[in-house]
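Worksheet for the structure shown next.
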2 protein chains.
Amino acid sequence: MSARNALYLQSGGMTAVINASACGVIETARRYPASIGRVLAARHGTLGLLREELFDTDGLGRGELIGMRQTPGGVFGSCRFDLDEPDANPEQYRRLLAVFEAHDIGFLFLNGGNGSMQTALQIARAAKAHGRPLQVIGIPKTVDNDIVEADCCPGYGSAIKYLASSVREASIDMASMSSRRGRVFVIEVMGRNAGWLAAGCGLAADGPDAAPQLILLPEVAFDGEAFGSKLNQCVERIGWCTVVVAEGVRHADGTPLAQVSREGHYVQLGGAGAVVARLVQERFGFKVHCAVTDYLQRSARHLASATDDAQAYAVGAAAVEAAVAGADGVTMAVERVSSSPYCWRVGAVPLVRVANLERRLPEAFIRADGLHVTGEFVDWARPLVAGEALPAFIDGLPRYWSPRLPLLPAKLPAHEPRPPAAATRKPVG
Amino acid sequence: MSARNALYLQSGGMTAVINASACGVIETARRYPASIGRVLAARHGTLGLLREELFDTDGLGRGELIGMRQTPGGVFGSCRFDLDEPDANPEQYRRLLAVFEAHDIGFLFLNGGNGSMQTALQIARAAKAHGRPLQVIGIPKTVDNDIVEADCCPGYGSAIKYLASSVREASIDMASMSSRRGRVFVIEVMGRNAGWLAAGCGLAADGPDAAPQLILLPEVAFDGEAFGSKLNQCVERIGWCTVVVAEGVRHADGTPLAQVSREGHYVQLGGAGAVVARLVQERFGFKVHCAVTDYLQRSARHLASATDDAQAYAVGAAAVEAAVAGADGVTMAVERVSSSPYCWRVGAVPLVRVANLERRLPEAFIRADGLHVTGEFVDWARPLVAGEALPAFIDGLPRYWSPRLPLLPAKLPAHEPRPPAAATRKPVG
């Protein structure tokens, strides 16, 4: 059987190391010319696939791949676009299969999170239903760390390395400022449903009174009294307190602290961090500062974890190895072989066991009072931030790069996908 | 004349490299035992001086000084405390002079910004008026870069290295996300009256369409129409836009964009970044993200500029050299000898020419439309971020350290300074 082409897609929100996975795919595929022809990449993920906007990565030289691996964001572009169900939009699937056929795609590598694994599953099923030979392999990626059946997700380690470092630094700054009335630093991090990023900030706490002293998780209903009491105790003891707030923290009745207006104007009334900051200020009169890390936490490539970068590369490489060995309908997953010393490998999990599911923080990782993490969490998370994978610096700033590849000439009629019928997943940025 | 002791104070808001200045003072003073006895450091700056809470830095070994230099925040503690005028509070000055006498202080090194230079000047005048031999030397420090009579201020280079890197990273992430309705990233940075930090983000723009595309400065009255028009043009051209917002941006009538409530509840309605984000969202319907860097921008020691670190050390060291040579009533200042190649030296400026004055961005650094910086600014600022002064990393996170020195036994009766009569300067965090 002659070599067939592979298509690589970046999907969903970005991470600091997703391009390491792209490099893992491209560089590994080049070692199997008998099985894999060219590696194409869709522009803006699923949208580019539907639009037949494809790059040919064959034009990328070794130096370009080095630069690409060091760059945050998705060098080929991503999107948040859910496929409709086949019954609801059969035309969409005909289009997908036509693009695969036109470009002789035999392998699809979908680099994304929970939602993207559902897309991968939908495409795999459609290909089977239409008798189209296509091996579909997922490559995990998410700062949210919420993909099930894996020990951790590439992208997460770098995000918490950045967040924990930032919490430590900002707290040292605040602690050095004297105040008669007490100081509180609130930092809002991503995490609508799962508190993995907020929990990761707990790595900064290297002593009993070290920051962060309080962590508000989406998994734990917000209890203003218990929170206020612990906060006040901390300020009375050491003069200040750092509070990590996951954006998705909710009241006991399920309503989020962040007051989103009817028009979805999230910023209008501030996010969960601003709400907590206001609460602290009004109730205690402390001097409150509030930082919102937003995109910074998922793009801080300058502080990427070397372990995370290696895992991101490895899941891409392993996806190709698996494909060459005949795998189909699976996603790669980082597995933990041993915690001390930390030892990991890449395994494979069927897409059906992963798609659209969401892994929240297990109870064993949440302190009994719900306001911090456990030592078990810290032991689990610490190896994920190990090592610094610095990018190149030029003129004092990190030098990033994305390929300026031409799009392949279209072979099919132009097609603009219609917006998805309904948003079925979390509407995160 | 026998050697007399020196007192070192950290004052005002912190920077990522202020402890490099502390090391410069301590290490240099040790080379002049005939002139300088011990270097004492006040706990929380002027407050510690008034309270007679003093550390003896003689206990710090070489390794401790290395760790200290790599640590953000002020290792001896800082405060925002303005001295009263001598007529209004003569008792305060008697107390100061009593502390100097009790600990045989012959040299005062005050490491701070505009306001702290005023404090230095007040103390110098009081010492003279009372016939107390005391040499007072200022050591500049501020992320705001607003001290007059200097080319740049230690602390600023590291802050803009962090901010420009973050703007570049977050913008690359956003640019890689497809959006049908356009995306805007707003990042709020410090700067109530002077736009140096916001301007520094302009270093990230390495091409005509590179981020940040718009910079809102406190020096330029906010013109919603002009801003909206430029923003919309940018999004129409490339699909997204990054906007840097200085916290102190004002309307033409002088009222700040950030809506501070009567109670001073700054966070209640959001800062300038949130206001701009809401404006963009409501007017254009773009998908808007907003980050607020807050303390992070002045404490990001993990991304400190090696040039800034060297300058911070040098102004500390030069202050001691100047003191030994007999200087009094001056502050050190980084001077630019040459721009290309970048060459700098440390000079001295009389405190009276610096105290309480504020340097705003010169017109030559602001683009004609008021919405960005000029090439002249970029040429000026670029050398300040050169080089990476990485701290040590342990277990994947920067390892910071502050000395656990005991306080010297008090020789005077206890004294608690009364709060200043009136806030005479900017109330920045």
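Identifiers in this document derive from the order of the structure tokens: chains are assigned A, B, ..., residues are numbered from 1 separately in each chain, and ligands are numbered from 1 in order of occurrence.
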| request: Could you list, as a PyMOL selection string, the residues of chain A having an atom within 7 Å of chain B when counting only C-alpha atoms? | output: chain A and resi 14+44+72-75+77-79+161+165-166+169-170+172-173+176-178+267-270+274+277-278+290-296+299-300+382+385-387+395-398
Print the selection's residues with C-alpha atoms to a file, as a compact mmCIF listing (two decimals), in the first residue's frame.
# COMPACT_ATOMS: atom_id res chain seq x y z
CA MET A 14 -4.14 27.32 22.94
CA HIS A 44 -7.70 27.24 12.01
CA PRO A 72 3.14 29.89 21.92
CA GLY A 73 -0.32 29.98 20.36
CA GLY A 74 -1.13 27.67 17.48
CA VAL A 75 1.15 28.29 14.53
CA GLY A 77 -4.34 28.52 13.80
CA SER A 78 -7.15 27.07 15.87
CA CYS A 79 -10.88 27.56 16.30
CA LYS A 161 4.61 26.90 36.32
CA SER A 165 5.78 31.61 39.90
CA SER A 166 3.61 34.70 39.49
CA GLU A 169 6.54 36.81 43.08
CA ALA A 170 3.53 39.07 43.53
CA ILE A 172 6.66 38.52 48.02
CA ASP A 173 6.19 42.03 46.67
CA SER A 176 7.28 43.53 51.74
CA MET A 177 4.89 46.49 51.80
CA SER A 178 3.87 47.61 55.27
CA VAL A 267 -16.24 42.11 31.69
CA GLN A 268 -19.03 44.51 32.55
CA LEU A 269 -19.28 43.62 36.19
CA GLY A 270 -15.95 41.95 36.50
CA ALA A 274 -13.08 41.27 41.06
CA ALA A 277 -11.71 41.55 45.79
CA ARG A 278 -14.75 43.78 46.31
CA CYS A 290 -6.49 42.12 41.94
CA ALA A 291 -4.70 40.63 38.93
CA VAL A 292 -6.42 38.83 36.07
CA THR A 293 -4.02 36.63 34.15
CA ASP A 294 -6.35 35.80 31.26
CA TYR A 295 -4.44 34.84 28.08
CA LEU A 296 -1.10 35.35 29.82
CA SER A 299 0.74 31.69 26.43
CA ALA A 300 3.68 32.34 28.77
CA ARG A 382 5.38 19.21 41.28
CA VAL A 385 6.66 22.06 36.24
CA ALA A 386 10.21 20.72 36.37
CA GLY A 387 12.80 22.25 34.10
CA ASP A 395 16.96 42.23 21.86
CA GLY A 396 15.77 41.22 25.30
CA LEU A 397 12.44 39.73 24.27
CA PRO A 398 11.47 36.16 23.39
Long-range neighbours of Phe377 (chain B) as a list in words, 12 Å cut-off, only C-alpha atoms, 6 positions minimum in chain: Gly195, Trp196, Leu197, Ala198, Ala199, Gly200, Cys201, Gly202, Leu203, Ser339, Leu361, Pro362, Glu363, Ala364, Phe365, Ile366, Arg367, Pro383 and Leu384 of chain B
key: strand (DSSP E or B) per DSSP on the backbone: members of region 20-230 of chain A, as an MDAnalysis selection string   = chainID A and resid 36:42 54:56 78 105:112 135:140 152 177 183:189 214:216 222
Those same residues, written as an mmCIF file, in the first residue's frame with N, CA and C atoms?
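This went into out-v5.cif:
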data_model
loop_
_atom_site.group_PDB
_atom_site.id
_atom_site.type_symbol
_atom_site.label_atom_id
_atom_site.label_comp_id
_atom_site.auth_asym_id
_atom_site.auth_seq_id
_atom_site.Cartn_x
_atom_site.Cartn_y
_atom_site.Cartn_z
ATOM 1 N N ILE A 36 3.644 7.324 5.558
ATOM 2 C CA ILE A 36 3.032 8.656 5.566
ATOM 3 C C ILE A 36 3.685 9.520 4.499
ATOM 4 N N GLY A 37 2.871 10.059 3.624
ATOM 5 C CA GLY A 37 3.383 10.932 2.575
ATOM 6 C C GLY A 37 3.685 12.307 3.139
ATOM 7 N N ARG A 38 2.850 13.266 2.820
ATOM 8 C CA ARG A 38 3.052 14.609 3.344
ATOM 9 C C ARG A 38 2.207 14.810 4.601
ATOM 10 N N VAL A 39 2.684 15.691 5.486
ATOM 11 C CA VAL A 39 1.850 16.119 6.610
ATOM 12 C C VAL A 39 1.254 17.479 6.248
ATOM 13 N N LEU A 40 -0.060 17.489 6.059
ATOM 14 C CA LEU A 40 -0.743 18.753 5.832
ATOM 15 C C LEU A 40 -1.261 19.275 7.176
ATOM 16 N N ALA A 41 -1.466 20.582 7.254
ATOM 17 C CA ALA A 41 -2.027 21.175 8.476
ATOM 18 C C ALA A 41 -3.158 22.096 8.061
ATOM 19 N N ALA A 42 -4.280 21.986 8.762
ATOM 20 C CA ALA A 42 -5.418 22.843 8.427
ATOM 21 C C ALA A 42 -5.238 24.213 9.078
ATOM 22 N N LEU A 54 -5.514 24.395 3.533
ATOM 23 C CA LEU A 54 -4.502 23.462 4.041
ATOM 24 C C LEU A 54 -3.092 23.931 3.702
ATOM 25 N N PHE A 55 -2.207 23.758 4.684
ATOM 26 C CA PHE A 55 -0.788 24.020 4.465
ATOM 27 C C PHE A 55 -0.074 22.690 4.239
ATOM 28 N N ASP A 56 1.007 22.741 3.492
ATOM 29 C CA ASP A 56 1.873 21.569 3.347
ATOM 30 C C ASP A 56 3.123 21.811 4.192
ATOM 31 N N SER A 78 -6.177 27.954 15.230
ATOM 32 C CA SER A 78 -7.149 27.073 15.867
ATOM 33 C C SER A 78 -8.537 27.692 15.731
ATOM 34 N N ILE A 105 -5.996 11.974 2.232
ATOM 35 C CA ILE A 105 -5.700 11.935 3.670
ATOM 36 C C ILE A 105 -6.045 10.543 4.220
ATOM 37 N N GLY A 106 -5.038 9.892 4.782
ATOM 38 C CA GLY A 106 -5.255 8.595 5.400
ATOM 39 C C GLY A 106 -5.131 8.643 6.915
ATOM 40 N N PHE A 107 -4.596 9.766 7.416
ATOM 41 C CA PHE A 107 -4.365 9.915 8.861
ATOM 42 C C PHE A 107 -4.824 11.297 9.304
ATOM 43 N N LEU A 108 -5.624 11.326 10.349
ATOM 44 C CA LEU A 108 -6.047 12.609 10.906
ATOM 45 C C LEU A 108 -5.550 12.708 12.347
ATOM 46 N N PHE A 109 -4.741 13.753 12.606
ATOM 47 C CA PHE A 109 -4.243 13.993 13.960
ATOM 48 C C PHE A 109 -4.909 15.247 14.508
ATOM 49 N N LEU A 110 -5.739 15.056 15.505
ATOM 50 C CA LEU A 110 -6.485 16.187 16.044
ATOM 51 C C LEU A 110 -5.945 16.556 17.414
ATOM 52 N N ASN A 111 -5.348 17.748 17.502
ATOM 53 C CA ASN A 111 -4.646 18.190 18.703
ATOM 54 C C ASN A 111 -5.547 19.129 19.503
ATOM 55 N N GLY A 112 -6.209 18.583 20.519
ATOM 56 C CA GLY A 112 -7.158 19.420 21.249
ATOM 57 C C GLY A 112 -7.549 18.848 22.596
ATOM 58 N N GLN A 135 -7.463 6.799 9.529
ATOM 59 C CA GLN A 135 -7.103 6.557 10.928
ATOM 60 C C GLN A 135 -7.137 7.882 11.674
ATOM 61 N N VAL A 136 -7.942 7.931 12.721
ATOM 62 C CA VAL A 136 -8.102 9.180 13.483
ATOM 63 C C VAL A 136 -7.434 9.024 14.854
ATOM 64 N N ILE A 137 -6.516 9.927 15.145
ATOM 65 C CA ILE A 137 -5.782 9.853 16.409
ATOM 66 C C ILE A 137 -5.847 11.210 17.104
ATOM 67 N N GLY A 138 -6.225 11.202 18.366
ATOM 68 C CA GLY A 138 -6.235 12.431 19.149
ATOM 69 C C GLY A 138 -4.892 12.689 19.794
ATOM 70 N N ILE A 139 -4.553 13.968 19.881
ATOM 71 C CA ILE A 139 -3.344 14.391 20.589
ATOM 72 C C ILE A 139 -3.788 15.381 21.655
ATOM 73 N N PRO A 140 -3.612 15.030 22.937
ATOM 74 C CA PRO A 140 -4.202 15.859 23.993
ATOM 75 C C PRO A 140 -3.474 17.191 24.169
ATOM 76 N N CYS A 152 -1.977 13.624 33.168
ATOM 77 C CA CYS A 152 -1.933 15.070 33.011
ATOM 78 C C CYS A 152 -2.027 15.388 31.530
ATOM 79 N N MET A 177 5.479 45.167 51.586
ATOM 80 C CA MET A 177 4.888 46.490 51.803
ATOM 81 C C MET A 177 4.196 46.515 53.166
ATOM 82 N N ARG A 183 -3.229 43.735 53.856
ATOM 83 C CA ARG A 183 -3.207 43.722 52.400
ATOM 84 C C ARG A 183 -3.661 42.372 51.889
ATOM 85 N N VAL A 184 -4.404 42.400 50.802
ATOM 86 C CA VAL A 184 -4.855 41.165 50.174
ATOM 87 C C VAL A 184 -4.591 41.242 48.675
ATOM 88 N N PHE A 185 -4.034 40.171 48.144
ATOM 89 C CA PHE A 185 -3.816 40.088 46.703
ATOM 90 C C PHE A 185 -4.693 38.965 46.165
ATOM 91 N N VAL A 186 -5.524 39.318 45.199
ATOM 92 C CA VAL A 186 -6.409 38.347 44.563
ATOM 93 C C VAL A 186 -5.912 38.116 43.145
ATOM 94 N N ILE A 187 -5.792 36.873 42.749
ATOM 95 C CA ILE A 187 -5.398 36.586 41.373
ATOM 96 C C ILE A 187 -6.412 35.618 40.765
ATOM 97 N N GLU A 188 -7.005 36.058 39.662
ATOM 98 C CA GLU A 188 -8.010 35.233 38.994
ATOM 99 C C GLU A 188 -7.353 34.403 37.901
ATOM 100 N N VAL A 189 -7.655 33.109 37.912
ATOM 101 C CA VAL A 189 -7.095 32.218 36.898
ATOM 102 C C VAL A 189 -8.233 31.506 36.167
ATOM 103 N N LEU A 214 -5.063 31.004 50.360
ATOM 104 C CA LEU A 214 -6.412 30.517 50.081
ATOM 105 C C LEU A 214 -6.598 30.290 48.586
ATOM 106 N N ILE A 215 -7.285 29.201 48.247
ATOM 107 C CA ILE A 215 -7.566 28.870 46.846
ATOM 108 C C ILE A 215 -9.056 28.572 46.715
ATOM 109 N N LEU A 216 -9.717 29.342 45.863
ATOM 110 C CA LEU A 216 -11.154 29.124 45.657
ATOM 111 C C LEU A 216 -11.359 28.325 44.370
ATOM 112 N N PHE A 222 -18.818 28.229 47.134
ATOM 113 C CA PHE A 222 -18.234 29.366 47.852
ATOM 114 C C PHE A 222 -19.005 29.634 49.137
#
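Interatomic distance, CA of Asn5 (chain B) against CA of Pro33 (chain B): 9.9 Å.
CA of Arg132 (chain A) lies 18.3 Å from CA of Leu83 (chain A).
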